[in-house]
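Data block below; observations after.
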Amino acid sequence: MAAVSVQVPPTDDIMASSTPFSPLAQSMVDERQSSIAAAATPAESLATVTTSVPRKRNVFDMFRLDGRVAVITGGARGLGYSMAEGLCAAGLSGIAILDLQTDLGEQACDQLHSEYGVSARFYRLDVRDEVAVQDAMDSVVRDLGRIDILVLSAGVADIVHAEDYSPAKFRRVIDINLNGSFVCAQAAGKHMIAAGRGGSVIFVGSMSGSIVNWPNPQSAYNASKAGVIHLMKSLSAEWAKYRIRCNSISPGYMDTPLNTTYEEAYFHEWKSRTPMNRLGQPEELAGCALWLASDASSYTTGSDILIDGGYTVL
Ligand SMILES: NC(=O)c1ccc[n+]([C@@H]2O[C@H](COP(=O)([O-])OP(=O)(O)OC[C@H]3O[C@@H](n4cnc5c(N)ncnc54)[C@H](O)[C@@H]3O)[C@@H](O)[C@H]2O)c1
């Protein structure tokens with residue numbers, strides 16, 4: 001009788017929490033266990049199968065985030081706040097909002113705590129400031145115990161014709177959207193790697209990372225988001241060995257304060273170029289964020305998920 005050895009994950013495996021392996025892995029092990037049990041004495045079957053594989057789970061259980069801690073940059077409002085709500089509803093134990101806007105950030109934390117009972121902390125920072133970012137991530141680990149999930153939603157947009165774009169203004173967009181995402185991913189990633197439990201990093205790209213919006217001139221934004229998506233892919237390859245999954249959500253036009261400063265004419269144009277003929281609502285990203293944050297997407301890394309009402313199919 002050949003010995004069957006199933007690799008045992010660390011007991012404190014993040015992808016594991018109470019239930020480390022996918023249903024598929026579970027069913028393969030169950031099958032092995034039954035055939036061994038049929039062919040061997042009970043003592044042999046117990047001795048030869050080494051596994052901490054959990055019981056099979058209902059698919060909805062795979063979306064649970066009980067005991068985990070998430071950090072959301074730009075979570076004081078807009079898409080970041082909606083994604084924060086989606087994660088809290090799935091049982092997070094702690095959430096940290098990192099944002100420039102203190103009043104909104106503190107209100108967001110109060111709201112998340114009162115609605116979902118989660119421990120919520122606000123840290124004011126500019127994502128361009130790598131020292132402040134590292135300090136904040138260290139504080140999150142000290143205050144909330146760990147970092148399992150990072151959502152990178154802090155971002156800005158400009159509409160400026162390329163020939164008029166001042167280099168300083170162009171650089172600001174790249175610095176916040178692209179460099180800021182890297183700085184935050186690196187600072188949280190160090191903690192995830194040191195803890196050895198894996199994790200999930202969700203970048204917020206944009207459909208502008210793969211198409212050019214028309215007629216709005218926004219070269220810096222488009223370039224920054226293309227960079228974000230390729231940064232995500234690069235980190236997904238580098239960090240797979242640490243079981244840190246990296247993916248991005250790329251929205252089309254969404255109904256958030258980011259877009260309210262633009263001319264009315266743009267809105268009509270944006271809607272008419274979108275097959276669903278409307279802007280997206282912030283909560284329409286929450287399900288995807290939860291899927292990417294949770295074990296429900298345990299084999300998904302390096303993927304960019306477009307949520308754009310069909311804009312990019314035309
Ligand atoms: N709204 C859209 O149509 C749309 C479409 C595609 C992608 N996105 C992306 O989604 C993300 C969120 O956008 P939103 O619509 O929620 O915007 P929003 O303006 O409502 O929220 C962005 C948040 O980021 C924060 N922020 C901005 N600069 C920061 C900095 N330097 N440091 C820390 N925090 C900072 C803001 O204070 C704000 O709370 C952005 O990355 C944006 O590019 C938005």
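A note on labels: chains of the structure tokens are A, B, ... as shown, every chain counts residues from 1, and ligands are counted from 1 in their shown order.
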
Would you return as a PyMOL selection string the members of segment 192-299 of chain A that DSSP assigns to strand (DSSP E) on this structure's backbone? chain A and resi 199-204+244-251

For N, CA and C atoms, I'd like the residues from the last selection saved as a PDB file, in the first residue's frame.
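Written file, again.pdb:
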ATOM      1  N   GLY A 199      -2.576  36.642   1.224  1.00  0.00           N
ATOM      2  CA  GLY A 199      -3.411  37.840   1.271  1.00  0.00           C
ATOM      3  C   GLY A 199      -3.984  38.137  -0.101  1.00  0.00           C
ATOM      4  N   SER A 200      -4.775  39.193  -0.156  1.00  0.00           N
ATOM      5  CA  SER A 200      -5.381  39.605  -1.425  1.00  0.00           C
ATOM      6  C   SER A 200      -5.216  41.113  -1.594  1.00  0.00           C
ATOM      7  N   VAL A 201      -4.602  41.514  -2.709  1.00  0.00           N
ATOM      8  CA  VAL A 201      -4.446  42.938  -3.016  1.00  0.00           C
ATOM      9  C   VAL A 201      -5.334  43.250  -4.220  1.00  0.00           C
ATOM     10  N   ILE A 202      -6.226  44.202  -4.031  1.00  0.00           N
ATOM     11  CA  ILE A 202      -7.154  44.569  -5.114  1.00  0.00           C
ATOM     12  C   ILE A 202      -6.818  45.988  -5.562  1.00  0.00           C
ATOM     13  N   PHE A 203      -6.261  46.090  -6.756  1.00  0.00           N
ATOM     14  CA  PHE A 203      -5.975  47.406  -7.339  1.00  0.00           C
ATOM     15  C   PHE A 203      -7.257  47.928  -7.961  1.00  0.00           C
ATOM     16  N   VAL A 204      -7.415  49.256  -7.965  1.00  0.00           N
ATOM     17  CA  VAL A 204      -8.526  49.823  -8.730  1.00  0.00           C
ATOM     18  C   VAL A 204      -7.918  50.454  -9.977  1.00  0.00           C
ATOM     19  N   ILE A 244       0.110  35.635  -2.006  1.00  0.00           N
ATOM     20  CA  ILE A 244      -0.552  36.949  -2.059  1.00  0.00           C
ATOM     21  C   ILE A 244      -1.104  37.083  -3.480  1.00  0.00           C
ATOM     22  N   ARG A 245      -2.414  37.137  -3.584  1.00  0.00           N
ATOM     23  CA  ARG A 245      -3.043  37.280  -4.902  1.00  0.00           C
ATOM     24  C   ARG A 245      -3.244  38.765  -5.205  1.00  0.00           C
ATOM     25  N   CYS A 246      -2.979  39.144  -6.451  1.00  0.00           N
ATOM     26  CA  CYS A 246      -3.166  40.536  -6.875  1.00  0.00           C
ATOM     27  C   CYS A 246      -4.087  40.552  -8.082  1.00  0.00           C
ATOM     28  N   ASN A 247      -5.116  41.354  -8.011  1.00  0.00           N
ATOM     29  CA  ASN A 247      -6.062  41.492  -9.122  1.00  0.00           C
ATOM     30  C   ASN A 247      -6.497  42.948  -9.184  1.00  0.00           C
ATOM     31  N   SER A 248      -7.161  43.305 -10.286  1.00  0.00           N
ATOM     32  CA  SER A 248      -7.689  44.674 -10.331  1.00  0.00           C
ATOM     33  C   SER A 248      -9.138  44.682 -10.786  1.00  0.00           C
ATOM     34  N   ILE A 249      -9.844  45.692 -10.295  1.00  0.00           N
ATOM     35  CA  ILE A 249     -11.198  45.971 -10.770  1.00  0.00           C
ATOM     36  C   ILE A 249     -11.081  47.216 -11.639  1.00  0.00           C
ATOM     37  N   SER A 250     -11.595  47.141 -12.849  1.00  0.00           N
ATOM     38  CA  SER A 250     -11.521  48.286 -13.760  1.00  0.00           C
ATOM     39  C   SER A 250     -12.918  48.776 -14.116  1.00  0.00           C
ATOM     40  N   PRO A 251     -13.377  49.799 -13.408  1.00  0.00           N
ATOM     41  CA  PRO A 251     -14.720  50.310 -13.675  1.00  0.00           C
ATOM     42  C   PRO A 251     -14.773  51.157 -14.943  1.00  0.00           C
TER      43      PRO A 251
END

For Leu144 of chain A, list every protein, DNA or RNA residue within 8 Å, evaluated using only C-alpha atoms, and leave out those in the same chain fewer than 6 positions away; present the list as a short mmCIF file (atom, residue, chain, number, x, y, z; two decimals) with N, CA and C atoms, in the first residue's frame.
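Saved to around-v9.cif:
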data_model
loop_
_atom_site.label_atom_id
_atom_site.label_comp_id
_atom_site.auth_asym_id
_atom_site.auth_seq_id
_atom_site.Cartn_x
_atom_site.Cartn_y
_atom_site.Cartn_z
N VAL A 69 -8.68 41.23 8.35
CA VAL A 69 -8.56 42.69 8.44
C VAL A 69 -8.25 43.26 7.05
N GLY A 94 -11.75 43.65 11.25
CA GLY A 94 -11.23 45.01 11.34
C GLY A 94 -11.09 45.64 9.98
N ILE A 95 -11.25 46.97 9.95
CA ILE A 95 -11.06 47.68 8.68
C ILE A 95 -10.33 48.99 8.96
N SER A 119 -14.37 46.64 13.94
CA SER A 119 -13.44 47.64 14.47
C SER A 119 -12.93 48.45 13.29
#

Where in segment 49-246 of chain A does DSSP assign helix (DSSP H, G or I), given as a PyMOL selection string? chain A and resi 59-63+78-89+102-116+130-144+162-164+167-195+207-209+219-242

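Minimum atom-to-atom distances from A:Ile305, A:Val156, A:Ala220, A:Ile97 to ligand 1 were compared using only C-alpha atoms and all ligand atoms, and the lowest value belongs to A:Val156.
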
May I have a table of the residues of chain A lying at most 7 Å from ligand 1, giving each one's closest pair of atoms and their distance in Å to one decimal, counting only C-alpha atoms and all ligand atoms, ordered by chain and ascending residue number, as CSV?
residue,atom,partner,partner_atom_place_in_ligand_line,distance
A:Thr73,CA,ligand 1,34 (N),6.3
A:Gly74,CA,ligand 1,24 (O),3.5
A:Gly75,CA,ligand 1,39 (O),5.7
A:Ala76,CA,ligand 1,39 (O),4.5
A:Arg77,CA,ligand 1,39 (O),4.7
A:Gly78,CA,ligand 1,16 (O),3.4
A:Leu79,CA,ligand 1,16 (O),3.7
A:Gly80,CA,ligand 1,16 (O),5.5
A:Leu98,CA,ligand 1,33 (C),6.5
A:Asp99,CA,ligand 1,34 (N),3.8
A:Leu100,CA,ligand 1,33 (C),4.4
A:Gln101,CA,ligand 1,37 (O),5.0
A:Leu125,CA,ligand 1,33 (C),5.6
A:Asp126,CA,ligand 1,32 (N),3.5
A:Val127,CA,ligand 1,32 (N),4.1
A:Arg128,CA,ligand 1,31 (N),5.9
A:Ser153,CA,ligand 1,11 (C),4.4
A:Ala154,CA,ligand 1,24 (O),3.6
A:Gly155,CA,ligand 1,41 (O),3.5
A:Val156,CA,ligand 1,43 (O),5.5
A:Ala157,CA,ligand 1,43 (O),6.3
A:Ile176,CA,ligand 1,31 (N),5.1
A:Asn177,CA,ligand 1,41 (O),6.3
A:Val204,CA,ligand 1,41 (O),5.4
A:Gly205,CA,ligand 1,7 (C),5.8
A:Ser206,CA,ligand 1,6 (C),4.1
A:Met207,CA,ligand 1,6 (C),6.4
A:Ser250,CA,ligand 1,6 (C),6.1
A:Pro251,CA,ligand 1,6 (C),4.3
A:Gly252,CA,ligand 1,5 (C),5.0
A:Tyr253,CA,ligand 1,3 (O),3.7
A:Met254,CA,ligand 1,3 (O),3.6
A:Asp255,CA,ligand 1,1 (N),6.0
A:Thr256,CA,ligand 1,15 (O),4.7
A:Pro257,CA,ligand 1,20 (O),4.5
A:Leu258,CA,ligand 1,19 (O),3.9
A:Asn259,CA,ligand 1,1 (N),5.9
